[in-house]
>>> print(open('input14.csv').read())   # CSV, C-alpha atoms
chain,number,residue,atom,x,y,z
L,13,MET,CA,107.2,21.5,133.1
L,14,ILE,CA,106.1,22.8,129.7
L,15,ARG,CA,108.9,25.4,129.7
L,16,ASN,CA,111.4,22.7,130.4
L,17,MET,CA,110.0,20.5,127.7
L,18,LEU,CA,110.2,23.3,125.2
L,19,GLN,CA,113.8,24.1,126.1
L,20,MET,CA,114.8,20.5,125.4
L,21,SER,CA,114.6,21.1,121.6
L,22,ASN,CA,114.6,18.3,119.1
L,23,VAL,CA,118.0,18.5,117.5
L,24,GLY,CA,116.3,17.2,114.3
L,25,SER,CA,114.3,20.4,114.1
L,26,TYR,CA,117.3,22.5,113.3
L,27,PRO,CA,118.4,23.0,109.7
L,28,PRO,CA,120.9,20.2,108.8
L,29,VAL,CA,123.9,22.6,108.4
L,30,PHE,CA,123.3,23.9,111.9
L,31,ARG,CA,123.4,20.3,113.3
L,32,GLN,CA,126.7,19.7,111.4
L,33,LEU,CA,128.4,22.9,112.3
L,34,ASN,CA,127.2,23.4,115.9
L,35,GLY,CA,130.6,23.5,117.4
L,36,GLY,CA,132.7,25.4,114.9
L,37,GLY,CA,131.2,28.9,115.1
L,38,VAL,CA,130.3,31.2,112.2
L,39,HIS,CA,132.1,34.3,111.1
L,40,PRO,CA,131.1,37.0,108.5
L,41,PRO,CA,133.2,37.0,105.4
L,42,GLN,CA,136.2,39.3,105.1
L,43,GLN,CA,134.5,41.6,102.6
L,44,MET,CA,131.5,42.0,104.9
L,45,MET,CA,133.7,42.6,107.9
L,46,ALA,CA,135.6,45.4,106.0
L,47,GLN,CA,132.3,47.2,105.3
L,48,LEU,CA,131.0,46.7,108.8
L,49,LYS,CA,134.2,48.3,110.2
L,50,LYS,CA,133.9,51.2,107.8
L,51,ASN,CA,130.4,51.9,109.1
L,52,ASN,CA,131.4,51.5,112.8
L,53,TYR,CA,129.7,48.1,113.0
L,54,SER,CA,132.9,46.4,114.1
L,55,MET,CA,132.4,43.2,116.1
L,56,GLU,CA,136.0,42.4,116.9
L,57,ASP,CA,136.1,44.3,120.2
L,58,THR,CA,132.9,42.9,121.6
L,59,SER,CA,133.7,39.4,122.8
L,60,THR,CA,133.9,40.7,126.3
L,61,THR,CA,130.3,42.0,126.4
L,62,THR,CA,128.8,40.7,129.6
L,63,GLN,CA,125.6,41.1,131.6
L,64,GLU,CA,127.2,44.1,133.3
L,65,ASP,CA,127.3,45.9,129.9
L,66,SER,CA,123.5,45.9,129.7
L,67,VAL,CA,122.0,49.3,129.3
L,68,PRO,CA,118.7,50.7,130.7
L,69,ILE,CA,117.2,52.0,127.4
L,70,PRO,CA,114.5,54.7,127.7
L,71,MET,CA,111.0,53.6,128.8
L,72,VAL,CA,107.9,54.9,127.1
L,73,ASP,CA,104.4,54.5,128.5
L,74,LEU,CA,101.8,54.1,125.8
L,75,GLU,CA,98.9,54.7,128.3
L,76,CYS,CA,100.4,58.1,129.4
L,77,LEU,CA,102.3,59.0,126.2
L,78,SER,CA,104.8,61.8,126.8
L,79,LEU,CA,105.8,63.5,123.5
L,80,HIS,CA,108.9,64.8,125.2
L,81,LYS,CA,110.1,61.4,126.4
L,82,LEU,CA,109.2,59.8,123.1
L,83,GLY,CA,111.1,62.4,121.1
L,84,ASP,CA,114.2,62.3,123.4
L,85,ALA,CA,114.3,58.5,123.1
L,86,CYS,CA,114.1,58.6,119.3
L,87,LYS,CA,116.8,61.3,119.0
L,88,SER,CA,119.3,60.1,121.6
L,89,TRP,CA,118.8,56.3,121.3
L,90,GLY,CA,116.7,55.2,118.3
L,91,ILE,CA,115.2,52.5,120.6
L,92,PHE,CA,113.0,52.4,123.6
L,93,ARG,CA,111.1,50.0,125.8
L,94,LEU,CA,107.3,50.2,125.5
L,95,VAL,CA,105.2,49.5,128.6
L,96,ASN,CA,101.4,49.5,129.1
L,97,HIS,CA,101.0,48.6,125.4
L,98,GLY,CA,97.6,47.0,125.9
L,99,ILE,CA,98.5,43.5,124.5
L,100,PRO,CA,97.2,40.8,126.9
L,101,SER,CA,100.0,38.9,128.5
L,102,THR,CA,98.1,35.7,127.7
L,103,LEU,CA,98.3,36.5,124.0
L,104,LEU,CA,102.1,37.0,124.2
L,105,THR,CA,102.5,33.7,126.1
L,106,LYS,CA,100.4,31.8,123.6
L,107,LEU,CA,102.2,33.2,120.7
L,108,GLN,CA,105.6,32.2,122.0
L,109,TYR,CA,104.4,28.8,123.0
L,110,HIS,CA,102.9,28.0,119.6
L,111,ALA,CA,106.0,29.5,117.9
L,112,LYS,CA,108.3,27.2,119.9
L,113,MET,CA,106.1,24.2,119.1
L,114,LEU,CA,106.2,25.0,115.4
L,115,PHE,CA,110.0,25.4,115.4
L,116,GLY,CA,110.2,22.1,117.2
L,117,LEU,CA,108.8,20.3,114.2
L,118,SER,CA,111.3,18.5,112.0
L,119,PHE,CA,113.2,20.7,109.5
L,120,GLU,CA,111.5,18.8,106.6
L,121,SER,CA,108.0,19.3,108.2
L,122,LYS,CA,108.5,23.0,108.4
L,123,GLN,CA,109.5,23.2,104.8
L,124,ALA,CA,106.4,21.3,103.8
L,125,LEU,CA,103.9,22.9,106.1
L,126,ILE,CA,104.8,26.6,105.8
L,127,THR,CA,103.5,27.6,102.4
L,128,ASN,CA,102.4,30.8,100.6
L,129,PRO,CA,101.7,33.4,101.8
L,130,MET,CA,103.9,32.5,104.8
L,131,SER,CA,107.4,31.3,104.2
L,132,TYR,CA,110.1,29.4,106.1
L,133,PHE,CA,113.7,30.5,105.9
L,134,TRP,CA,117.1,29.9,107.6
L,135,GLY,CA,120.7,31.1,107.5
L,136,THR,CA,119.8,34.6,106.4
L,137,PRO,CA,117.2,37.3,107.4
L,138,ALA,CA,117.6,39.0,103.9
L,139,LEU,CA,114.4,38.0,102.0
L,140,THR,CA,112.8,39.0,98.7
L,141,PRO,CA,109.4,40.7,98.8
L,142,SER,CA,107.9,37.2,98.2
L,143,GLY,CA,109.6,35.9,101.3
L,144,THR,CA,112.3,33.7,99.8
L,145,ALA,CA,116.0,34.0,100.8
L,146,LEU,CA,117.7,36.7,98.8
L,147,ASN,CA,121.1,35.2,99.1
L,148,PRO,CA,120.7,31.6,100.3
L,149,ALA,CA,123.5,30.8,102.8
L,150,ALA,CA,125.7,28.8,100.5
L,151,SER,CA,128.6,28.8,103.0
L,152,THR,CA,129.1,29.1,106.7
L,153,SER,CA,131.0,32.4,106.2
L,154,THR,CA,127.8,34.2,105.1
L,155,MET,CA,125.4,32.5,107.5
L,156,ASN,CA,123.3,34.0,110.3
L,157,TRP,CA,122.6,31.5,113.0
L,158,LEU,CA,118.8,31.7,112.8
L,159,GLU,CA,115.7,30.3,111.2
L,160,GLY,CA,112.3,32.0,110.9
L,161,PHE,CA,108.8,32.3,109.6
L,162,ASN,CA,107.9,35.3,107.4
L,163,VAL,CA,104.3,36.4,107.7
L,164,PRO,CA,102.8,39.2,105.5
L,165,LEU,CA,99.8,40.3,107.6
L,166,THR,CA,97.5,41.5,104.9
L,167,GLN,CA,97.7,38.0,103.2
L,168,LEU,CA,97.4,36.0,106.4
L,169,PRO,CA,93.6,35.6,106.1
L,170,HIS,CA,94.3,33.7,102.9
L,171,PHE,CA,96.5,31.2,104.6
L,172,HIS,CA,94.7,27.9,105.3
L,173,SER,CA,96.1,24.8,106.8
L,174,GLU,CA,94.7,21.5,108.0
L,175,HIS,CA,97.4,21.4,110.6
L,176,PRO,CA,95.7,22.4,113.9
L,177,MET,CA,98.9,24.0,115.3
L,178,LEU,CA,99.3,26.2,112.2
L,179,HIS,CA,95.6,27.1,112.3
L,180,CYS,CA,95.9,28.3,115.9
L,181,PHE,CA,99.1,30.1,115.1
L,182,ARG,CA,97.5,32.0,112.3
L,183,LEU,CA,94.6,33.2,114.5
L,184,LEU,CA,97.0,34.3,117.2
L,185,LEU,CA,99.2,36.2,114.6
L,186,GLU,CA,96.1,38.0,113.2
L,187,GLU,CA,95.1,39.1,116.7
L,188,TYR,CA,98.7,40.2,117.5
L,189,GLY,CA,98.9,42.0,114.2
L,190,ARG,CA,95.9,44.1,115.0
L,191,HIS,CA,97.4,45.2,118.3
L,192,LEU,CA,100.7,46.0,116.6
L,193,SER,CA,99.0,48.1,114.0
L,194,ARG,CA,97.3,50.1,116.7
L,195,ILE,CA,100.6,50.6,118.6
L,196,ALA,CA,102.6,51.6,115.5
L,197,THR,CA,99.9,54.1,114.3
L,198,THR,CA,99.7,55.7,117.8
L,199,LEU,CA,103.5,56.0,118.0
L,200,PHE,CA,104.0,57.3,114.5
L,201,GLU,CA,101.3,59.9,114.9
L,202,SER,CA,103.0,61.1,118.1
L,203,MET,CA,106.3,61.2,116.3
L,204,ALA,CA,104.8,63.2,113.4
L,205,LYS,CA,103.5,65.7,115.9
L,206,ASN,CA,107.0,66.0,117.5
L,207,LEU,CA,108.6,66.5,114.1
L,208,ASP,CA,105.8,69.0,113.0
L,209,LEU,CA,105.1,66.9,109.9
L,210,ASP,CA,102.1,67.8,107.8
L,211,PRO,CA,99.4,65.3,108.8
L,212,LYS,CA,98.1,64.9,105.3
L,213,GLN,CA,101.5,64.3,103.8
L,214,SER,CA,102.6,61.9,106.6
L,215,GLU,CA,99.6,59.6,106.1
L,216,SER,CA,101.4,57.6,103.4
L,217,LYS,CA,104.6,57.4,105.4
L,218,LEU,CA,103.3,54.5,107.5
L,219,ASP,CA,101.2,52.1,105.5
L,220,GLU,CA,99.7,49.2,107.5
L,221,SER,CA,99.3,47.2,104.3
L,222,THR,CA,103.1,46.9,104.2
L,223,ALA,CA,103.4,45.3,107.6
L,224,PHE,CA,104.8,41.8,108.2
L,225,ILE,CA,105.8,39.7,111.2
L,226,ARG,CA,109.0,37.7,111.4
L,227,VAL,CA,109.2,35.0,114.0
L,228,TYR,CA,112.9,34.1,114.6
L,229,ARG,CA,114.5,31.2,116.4
L,230,TYR,CA,118.2,31.4,117.2
L,231,PRO,CA,119.6,27.9,118.0
L,232,PRO,CA,122.2,27.5,120.7
L,233,ARG,CA,125.9,27.2,119.8
L,234,ARG,CA,127.3,24.9,122.3
L,235,SER,CA,130.9,25.0,121.3
L,236,LEU,CA,133.2,27.2,123.4
L,237,ALA,CA,135.3,28.0,120.3
L,238,GLY,CA,134.6,30.9,118.0
L,239,GLU,CA,131.6,33.2,117.8
L,240,ALA,CA,128.2,32.7,116.1
L,241,TRP,CA,125.8,35.6,115.3
L,242,GLY,CA,122.1,35.3,115.1
L,243,MET,CA,122.2,38.5,113.1
L,244,ILE,CA,125.3,40.6,112.2
L,245,PRO,CA,125.2,44.3,112.9
L,246,HIS,CA,122.6,46.2,110.8
L,247,THR,CA,119.8,48.8,110.9
L,248,ASP,CA,116.2,48.0,110.0
L,249,SER,CA,114.8,49.4,106.7
L,250,SER,CA,111.4,50.0,108.3
L,251,VAL,CA,109.7,53.0,109.7
L,252,LEU,CA,109.2,51.2,113.0
L,253,SER,CA,110.2,47.7,114.2
L,254,ILE,CA,108.5,46.3,117.3
L,255,VAL,CA,110.1,43.3,119.0
L,256,ASN,CA,108.7,40.9,121.5
L,257,GLN,CA,111.6,38.8,122.8
L,258,ASP,CA,111.6,35.9,125.2
L,259,HIS,CA,113.5,35.6,128.5
L,260,VAL,CA,116.8,34.5,126.9
L,261,GLY,CA,118.1,37.8,125.6
L,262,GLY,CA,120.9,38.5,123.2
L,263,LEU,CA,119.8,41.7,121.5
L,264,GLU,CA,122.7,44.3,121.5
L,265,ILE,CA,122.7,47.9,120.4
L,266,PHE,CA,125.6,50.2,119.4
L,267,LYS,CA,125.8,53.4,121.3
L,268,ASP,CA,128.7,55.7,122.3
L,269,ASN,CA,131.1,53.5,120.3
L,270,LYS,CA,130.2,50.5,122.4
L,271,TRP,CA,127.9,47.5,122.2
L,272,HIS,CA,125.3,47.1,125.0
L,273,LEU,CA,123.0,44.3,125.9
L,274,VAL,CA,119.3,45.1,126.0
L,275,ASN,CA,117.9,42.8,128.6
L,276,PRO,CA,114.4,41.3,128.2
L,277,ILE,CA,111.7,42.4,130.7
L,278,PRO,CA,108.4,40.5,130.7
L,279,ASN,CA,105.4,42.1,129.2
L,280,THR,CA,107.3,44.9,127.5
L,281,LEU,CA,108.1,45.5,123.8
L,282,ILE,CA,111.2,46.9,122.2
L,283,VAL,CA,110.6,49.6,119.6
L,284,HIS,CA,113.4,50.3,117.0
L,285,ILE,CA,113.5,53.4,114.8
L,286,GLY,CA,114.2,52.2,111.2
L,287,ASP,CA,115.9,53.8,108.2
L,288,MET,CA,112.7,55.2,106.8
L,289,MET,CA,111.9,57.0,110.0
L,290,GLN,CA,115.4,58.4,110.1
L,291,ALA,CA,114.9,59.8,106.5
L,292,ILE,CA,111.4,61.1,107.2
L,293,SER,CA,112.7,62.9,110.3
L,294,ASP,CA,115.5,64.5,108.3
L,295,ASP,CA,118.0,62.6,110.5
L,296,GLU,CA,116.5,64.0,113.8
L,297,TYR,CA,115.7,60.4,114.8
L,298,MET,CA,118.3,57.8,114.3
L,299,SER,CA,118.0,54.2,113.0
L,300,VAL,CA,119.6,52.1,115.7
L,301,LYS,CA,122.4,49.7,114.9
L,302,HIS,CA,121.9,46.4,116.5
L,303,ARG,CA,122.8,42.7,116.3
L,304,VAL,CA,121.9,39.4,118.0
L,305,ARG,CA,124.4,37.3,119.9
L,306,VAL,CA,123.7,33.6,120.0
L,307,LYS,CA,123.7,31.9,123.4
L,308,LYS,CA,125.8,28.8,124.0
L,309,GLN,CA,123.2,26.6,125.8
L,310,GLU,CA,119.8,28.1,125.2
L,311,GLU,CA,117.9,29.0,122.1
L,312,ARG,CA,116.3,32.4,121.7
L,313,LEU,CA,112.9,33.3,120.3
L,314,SER,CA,111.7,36.7,119.1
L,315,ILE,CA,108.6,37.9,117.3
L,316,CYS,CA,109.2,41.1,115.3
L,317,TYR,CA,106.8,43.4,113.5
L,318,PHE,CA,108.0,45.7,110.7
L,319,VAL,CA,106.0,48.5,109.0
L,320,PHE,CA,107.0,50.7,106.0
L,321,PRO,CA,105.8,53.7,104.0
L,322,ALA,CA,103.5,53.1,101.0
L,323,GLU,CA,105.8,51.9,98.1
L,324,GLU,CA,105.2,54.9,95.9
L,325,SER,CA,105.2,57.5,98.7
L,326,VAL,CA,108.1,60.0,98.1
L,327,ILE,CA,110.3,60.8,101.0
L,328,HIS,CA,111.7,64.4,100.9
L,329,SER,CA,114.6,65.3,103.1
L,330,SER,CA,117.4,67.9,103.1
L,331,LYS,CA,119.8,65.0,103.8
L,332,TYR,CA,118.7,62.7,101.0
L,333,LYS,CA,117.7,62.7,97.4
L,334,PRO,CA,113.9,62.2,97.0
L,335,PHE,CA,113.2,58.5,97.0
L,336,THR,CA,110.4,56.1,97.5
L,337,TYR,CA,110.5,53.0,99.7
L,338,LYS,CA,110.3,50.9,96.5
L,339,ASP,CA,113.5,52.7,95.4
L,340,PHE,CA,115.1,51.9,98.7
L,341,GLN,CA,114.0,48.3,98.8
L,342,GLU,CA,115.3,47.7,95.2
L,343,GLN,CA,118.7,49.2,96.1
L,344,VAL,CA,119.0,47.1,99.3
L,345,GLN,CA,118.2,44.0,97.3
L,346,LYS,CA,120.7,44.8,94.6
L,347,ASP,CA,123.5,45.6,97.1
L,348,THR,CA,122.7,42.4,99.1
L,349,ARG,CA,122.9,40.3,95.9
L,350,THR,CA,126.1,41.9,94.6
L,351,LEU,CA,128.0,42.9,97.7
L,352,GLY,CA,126.6,40.5,100.2
L,353,TYR,CA,125.4,43.3,102.6
L,354,LYS,CA,123.1,46.2,102.8
L,355,VAL,CA,124.5,49.7,102.3
L,356,GLY,CA,121.2,51.5,103.1
L,357,LEU,CA,120.6,55.2,103.4
L,358,GLN,CA,124.2,56.1,102.4
L,359,ARG,CA,123.1,55.3,98.8
L,360,PHE,CA,120.6,58.2,98.9
L,361,LYS,CA,122.7,60.9,100.5
L,362,ALA,CA,122.0,64.3,98.9
>>> encode(input="input14.csv", output="structure tokens")
Amino acid sequence: MIRNMLQMSNVGSYPPVFRQLNGGGVHPPQQMMAQLKKNNYSMEDTSTTTQEDSVPIPMVDLECLSLHKLGDACKSWGIFRLVNHGIPSTLLTKLQYHAKMLFGLSFESKQALITNPMSYFWGTPALTPSGTALNPAASTSTMNWLEGFNVPLTQLPHFHSEHPMLHCFRLLLEEYGRHLSRIATTLFESMAKNLDLDPKQSESKLDESTAFIRVYRYPPRRSLAGEAWGMIPHTDSSVLSIVNQDHVGGLEIFKDNKWHLVNPIPNTLIVHIGDMMQAISDDEYMSVKHRVRVKKQEERLSICYFVFPAEESVIHSSKYKPFTYKDFQEQVQKDTRTLGYKVGLQRFKA
């Protein structure tokens, strides 16, 4: 009964422009589409993606971690499904429940309640380091069909709210963040062994103080006309991204010149290799291109953890000029402001 109640979302909880446009579809602008095509991110040939196009991505067992399986997944796929991760299923259920309840508040309430250090955003996943929208979605042509909460984990203990739902959500996020820190550290240390990285030098390549959580809701698009995208094709800037998605699905990855669905499986996590890990590995591991397709009748929820190198840690690679994550972040922000999209590692090619 609770699940049915949550699925019957309050229409007033969506950003006003989503309520007005839910029916017309949203398309990336021509300039962005041209760059996506250039980088093999094209979306034009994907409208026929169906359940049959789902792909069984590699599975990695954290309890019995195989360096060979982990390395193969990172090299060949850039993504894998993590099982036996040690996060209680009750915690995952509570997190999703509280996230849905918070998203179900009115748009105005979310704007008022979600305050520093957390932030509320919609229409774009591109945020400044402080959590505000980098390029506010001024038109439907640049809009991603999503809304979200940005949660910098190191600052979370300083977030206090009299709202009981927000208080519970903060405690759950803190507990979840501790689990994700453990998982990310374990995976990165194993990857460093596979890549024969110097243990001392690789310490700063994954800095837990940089970690944040993004909680995304993708509203349904009920019209049969056009397409809407929760997120257009992209790669993550992180070292690692760890995704907890609900039962709805919609995540798609680009492999072998084709888009494939990644179906949700209960009590598993999806781990993405990010741009920083690709550079650290000297392109042995590949940052996976992915996107999110919006469902017509059902909203989707995902809880994503991102972790990065220390800002001033220099990444050395035969494929790229030496750069720090701070350099990379500033370039991505500049490109997003001026071009409307992220160029990424291509900017740092040797």
>>> residues_around(input="input14.csv", residues="segment 293-300 of chain L", least_positions_apart="5", cutoff="6 Å", atoms="only C-alpha atoms", output="count of residues only")
8
>>> residues_near_point(input="input14.csv", point="(118.0, 42.7, 122.9)", cutoff="8 Å", atoms="all atoms listed in the file", output="ChimeraX atom specification")
/L:257,261-265,273-276,304
>>> atom_distance(input="input14.csv", atom1="atom CA of Ile315 of chain L", atom2="atom CA of Ile91 of chain L")
16.4 Å
>>> closest_residue(input="input14.csv", among="L:Phe335, L:Tyr353, L:Phe318, L:Phe266", to="Ser66 of chain L", atoms="only C-alpha atoms")
L:Phe266
>>> residues_around(input="input14.csv", residues="Ala145 of chain L", least_positions_apart="5", cutoff="7 Å", atoms="only C-alpha atoms", output="list in words")
Phe133, Thr136, Ala138, Leu139 and Thr140 of chain L
>>> atom_distance(input="input14.csv", atom1="atom CA of Ala124 of chain L", atom2="atom CA of Glu311 of chain L")
22.9 Å
>>> build_atoms(input="input14.csv", residues="segment 139-174 of chain L", atoms="N, CA and C atoms", output="short mmCIF file (atom, residue, chain, number, x, y, z; two decimals), in the coordinates of the input")
data_model
loop_
_atom_site.label_atom_id
_atom_site.label_comp_id
_atom_site.auth_asym_id
_atom_site.auth_seq_id
_atom_site.Cartn_x
_atom_site.Cartn_y
_atom_site.Cartn_z
N LEU L 139 115.42 38.69 102.78
CA LEU L 139 114.40 38.00 102.00
C LEU L 139 113.96 38.89 100.82
N THR L 140 113.48 38.27 99.75
CA THR L 140 112.80 39.00 98.70
C THR L 140 111.44 39.42 99.12
N PRO L 141 110.77 40.32 98.39
CA PRO L 141 109.40 40.70 98.80
C PRO L 141 108.44 39.50 98.86
N SER L 142 108.74 38.42 98.15
CA SER L 142 107.90 37.20 98.20
C SER L 142 108.20 36.34 99.39
N GLY L 143 109.29 36.65 100.13
CA GLY L 143 109.60 35.90 101.30
C GLY L 143 110.64 34.81 101.17
N THR L 144 111.25 34.69 100.00
CA THR L 144 112.30 33.70 99.80
C THR L 144 113.66 34.32 100.12
N ALA L 145 114.64 33.47 100.44
CA ALA L 145 116.00 34.00 100.80
C ALA L 145 116.60 34.70 99.63
N LEU L 146 117.09 35.91 99.88
CA LEU L 146 117.70 36.70 98.80
C LEU L 146 119.02 36.13 98.40
N ASN L 147 119.85 35.84 99.38
CA ASN L 147 121.10 35.20 99.10
C ASN L 147 121.18 33.93 99.99
N PRO L 148 120.70 32.79 99.48
CA PRO L 148 120.70 31.60 100.30
C PRO L 148 122.13 31.35 100.86
N ALA L 149 122.19 30.98 102.14
CA ALA L 149 123.50 30.80 102.80
C ALA L 149 124.21 29.60 102.23
N ALA L 150 125.03 29.88 101.21
CA ALA L 150 125.70 28.80 100.50
C ALA L 150 126.95 28.32 101.31
N SER L 151 127.45 29.16 102.20
CA SER L 151 128.60 28.80 103.00
C SER L 151 128.46 29.28 104.41
N THR L 152 129.22 28.68 105.30
CA THR L 152 129.10 29.10 106.70
C THR L 152 129.63 30.51 106.91
N SER L 153 130.45 31.02 105.99
CA SER L 153 131.00 32.40 106.20
C SER L 153 129.97 33.46 105.99
N THR L 154 128.84 33.15 105.35
CA THR L 154 127.80 34.20 105.10
C THR L 154 126.55 33.88 105.94
N MET L 155 126.63 32.97 106.88
CA MET L 155 125.40 32.50 107.50
C MET L 155 125.11 33.22 108.82
N ASN L 156 123.85 33.56 108.99
CA ASN L 156 123.30 34.00 110.30
C ASN L 156 122.72 32.81 110.97
N TRP L 157 122.99 32.69 112.25
CA TRP L 157 122.60 31.50 113.00
C TRP L 157 121.14 31.63 113.44
N LEU L 158 120.22 31.50 112.46
CA LEU L 158 118.80 31.70 112.80
C LEU L 158 117.96 30.91 111.76
N GLU L 159 116.70 30.73 112.12
CA GLU L 159 115.70 30.30 111.20
C GLU L 159 114.41 31.07 111.53
N GLY L 160 113.48 31.14 110.59
CA GLY L 160 112.30 32.00 110.90
C GLY L 160 111.14 31.72 109.96
N PHE L 161 110.00 32.33 110.35
CA PHE L 161 108.80 32.30 109.60
C PHE L 161 108.52 33.79 109.15
N ASN L 162 108.24 34.01 107.88
CA ASN L 162 107.90 35.30 107.40
C ASN L 162 106.38 35.38 107.15
N VAL L 163 105.72 36.40 107.72
CA VAL L 163 104.30 36.40 107.70
C VAL L 163 103.77 37.80 107.25
N PRO L 164 103.39 37.95 105.96
CA PRO L 164 102.80 39.20 105.50
C PRO L 164 101.35 39.30 106.04
N LEU L 165 101.08 40.31 106.85
CA LEU L 165 99.80 40.30 107.60
C LEU L 165 98.59 40.49 106.75
N THR L 166 98.67 41.27 105.68
CA THR L 166 97.50 41.50 104.90
C THR L 166 97.07 40.18 104.13
N GLN L 167 98.03 39.28 103.93
CA GLN L 167 97.70 38.00 103.20
C GLN L 167 97.42 36.88 104.17
N LEU L 168 97.58 37.12 105.45
CA LEU L 168 97.40 36.00 106.40
C LEU L 168 96.02 35.41 106.40
N PRO L 169 94.94 36.18 106.21
CA PRO L 169 93.60 35.60 106.10
C PRO L 169 93.46 34.53 105.03
N HIS L 170 94.33 34.62 104.01
CA HIS L 170 94.30 33.70 102.90
C HIS L 170 95.06 32.40 103.13
N PHE L 171 95.74 32.35 104.28
CA PHE L 171 96.50 31.20 104.60
C PHE L 171 95.66 30.14 105.32
N HIS L 172 95.52 28.98 104.72
CA HIS L 172 94.70 27.90 105.30
C HIS L 172 95.51 26.65 105.44
N SER L 173 95.40 26.01 106.58
CA SER L 173 96.10 24.80 106.80
C SER L 173 95.26 23.81 107.61
N GLU L 174 95.38 22.55 107.26
CA GLU L 174 94.70 21.50 108.00
C GLU L 174 95.38 21.18 109.31
#
